[in-house]
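What follows is a short report on a single structure.
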Amino acid sequence: MDANWHHAFNPQEFLRRVDVEHLLERNDAYAENRTDKLGKPCISCGGMIVPGLLLNEGSYICRQCFDRISSIRYPEKYENLRRQHLIASEAYHQARKSMIDNSRPLKIKRIADWAFWLSFLLYFIHIGFIALTVVIFLVDRYSNKLHAGRLKRWDAYYPEPQEPLLRHFHDPVVELTTQDKTTLYVFNHWPGYPPFWGYLREVVLAKDHWRCQVSGCPSRLELHIHHIKPVSEGGEHSPANLVTLCDFHHALEPDKGHERIWGSIKTRYFTLVRSHERSNRANTATHTVRAHLRRLQLVSVDELRELTQIYGFSCPHCGNTRIEFTLYSRTNTIEVNCPACSKLVVGPQGLTEEAGPRLAELLRVTRNPGRWKARWNMLAGRKDAEWGTWNNNRATRRRKDYKKRIEQDLLKPMCPRCGATMRLIRPKPRDSWEPFWGCPKFKVTGCRGSVKYVEIERG
């Protein structure tokens with residue numbers, strides 16, 4: 001065997017076969033933001049060439065500059081290193097594939113594989129052909145060993161190119177040229193997602209510690225990256241203009257484009273239903289169903305206590321950290337009480353994504369404060385959607401209503417059989433029997449206790 005056989009498959013010989021333009025991925029924002037109106041020169045080259053692309057803040061970039069910038073991922077210094085690595089890596093894989101395809105031991109092995117199975121058919125003709133099967137098997141194993149050794153030696157001569165250390169535009173230690181700054185400006189005002197959006201997303205998530213930045217949010221849902229200043233208003237694709245929000249709080253944002261999230265978020269805690277037309281059962285007409293939130297699992301006291309530990313909720317008046325929570329399942333309300341200063345607030349139970357941030361707005365957050373405030377405009381029209389304010393009077397309106405209902409229950413008669421508080425059973429319009437007090441445990445225990453109802457005359 002020729003000792004220098006590997007020189008024929010040197011990756012350097014395959015460099016001229018590599019088409020680098022075919023390897024580069026390009027951004028597809030051009031089709032959606034193309035313009036034929038030439039209002040201003042290109043921001044990159046200063047030319048007056050149409051058609052071109054409009055950036056989100058109104059600047060113009062020509063088609064040639066767009067084709068060039070759309071394939072850039074790093075500053076000029078690191079972009080050259082990246083492209084050199086792409087070419088070297090592609091040449092390496094082409095050379096390795098060519099070496100494998102032209103390997104004589106591998107070709108012999110493939111022929112031996114077919115001959116091995118064919119020899120089994122001859123075995124049924126005469127038992128003496130078993131010797132042929134054994135010989136073919138040995139040839140197959142020997143050629144496979146030769147090919148594996150040949151491949152191992154080639155890998156030792158030509159190791160795979162190592163990926164260079166690359167720094168992105170937003171890296172704090174990166175060095176930017178004048179052209180790089182122009183390119184970064186174009187990327188920051190890209191009309192869609194910029195080419196290195198994945199890197200920006202990781203930077204923002206790490207900056208926000210992989211948590212929704214609404215204080216009090218449990219961050220149990222998928223995390224999104226939200227633009228503080230909307231892209232439609234010229235907002236930049238930069239870490240300073242990006243914030244981490246969960247599915248729920250991102251969907252509450254009123255900016256245009258967030259309505260696409262509605263209808264796609266379905267969890268075991270809630271479902272966001274987008275506005276749609278619904279057919280009527282009585283006739284063939286339709287009616288519009290407004291976008292709304294369908295709550296499936298409301299917050300529990302244990303979850304509120306866990307959020308208190310995460311965010312360090314404390315009383316805004318006395319600083320007490322031992323906040324007490326009382327859940328009234330009958331009215332789906334939560335009472336938050338500070339035992340030190342007797343401050344009290346009552347609000348709707350809601351989801352954990354609702355109750356937690358509401359408490360963060362009322363109480364003091366001492367740990368892991370977020371840098372974003374939830375938008376409650378979509379939920380403001382719902383009855384009992386708002387929380388109250390801290391009050392010294394413990395008998396708030398909700399407490400009074402609850403106390404009034406308890407007093408009304410005390411006026412009801414007791415079941416003569418089991419002692420339960422009875423409920424009034426009224427007949428339907430088509431029934432002929434009179435109303436009476438019935439035992440509420442009839443369907444549970446079968447108690448048939450009843451008391452005749454006498455309506456009190458009011459003067």
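Ordering of the structure tokens sets the chain letters (A, B, ...); residue numbers start at 1 within each chain; ligands are numbered from 1 in the order shown.
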(message) I need the residues of region 39-229 of chain A that end up classed as alpha helix (DSSP H) by DSSP on the backbone, written out as a PyMOL selection string.
(response) chain A and resi 63-69+76-101+104-125+130-157+178-188+197-207
(request) Write out as JSON, numbers by chain the residues lying within 12 Å of Gly419 (chain A), counting only C-alpha atoms and excluding same-chain residues fewer than 6 positions away. (result) {"A": [412, 413, 438, 439, 440, 441, 447, 448, 449, 450]}
Any chance you could export the current selection's C-alpha atoms as a PDB file, in the first residue's frame?
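Written output follows (result_10.pdb):
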ATOM      1  CA  LYS A 412     -83.063  29.083  58.425  1.00  0.00           C
ATOM      2  CA  PRO A 413     -84.621  26.102  60.245  1.00  0.00           C
ATOM      3  CA  GLY A 438     -85.786  20.532  52.563  1.00  0.00           C
ATOM      4  CA  CYS A 439     -82.646  18.865  53.882  1.00  0.00           C
ATOM      5  CA  PRO A 440     -79.583  19.669  51.700  1.00  0.00           C
ATOM      6  CA  LYS A 441     -78.109  16.220  52.413  1.00  0.00           C
ATOM      7  CA  CYS A 447     -82.179  12.303  54.586  1.00  0.00           C
ATOM      8  CA  ARG A 448     -85.846  13.220  53.963  1.00  0.00           C
ATOM      9  CA  GLY A 449     -86.209  15.795  56.710  1.00  0.00           C
ATOM     10  CA  SER A 450     -88.600  18.633  55.766  1.00  0.00           C
TER      11      SER A 450
END
Which residues of region 226-272 of chain A come within 9 Å of region 40-57 of chain A, and what is each one's closest atom pair and distance in Å (one decimal), counting only C-alpha atoms, sorted by chain and residue number, as CSV?
residue,atom,partner,partner_atom,distance
A:Val231,CA,A:Asn56,CA,6.3
A:Ser232,CA,A:Asn56,CA,6.2
A:Glu233,CA,A:Glu57,CA,7.0
A:Gly234,CA,A:Glu57,CA,4.3
A:Gly235,CA,A:Asn56,CA,7.6
A:Glu236,CA,A:Asn56,CA,8.6
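Counting from CA of Ser238 (chain A), the distance to CA of Asn377 (chain A) is 27.0 Å.
Candidate residues A:Arg375, A:Arg295, A:His170, A:His237 were compared for distance to Gln349 (chain A), and the nearest is A:Arg295, using only C-alpha atoms.
The gap separating CA of Trp376 (chain A) from CA of Leu327 (chain A) is 22.4 Å, in Å to one decimal.
The gap separating CA of Leu200 (chain A) from CA of Lys373 (chain A) is 21.9 Å, in Å to one decimal.
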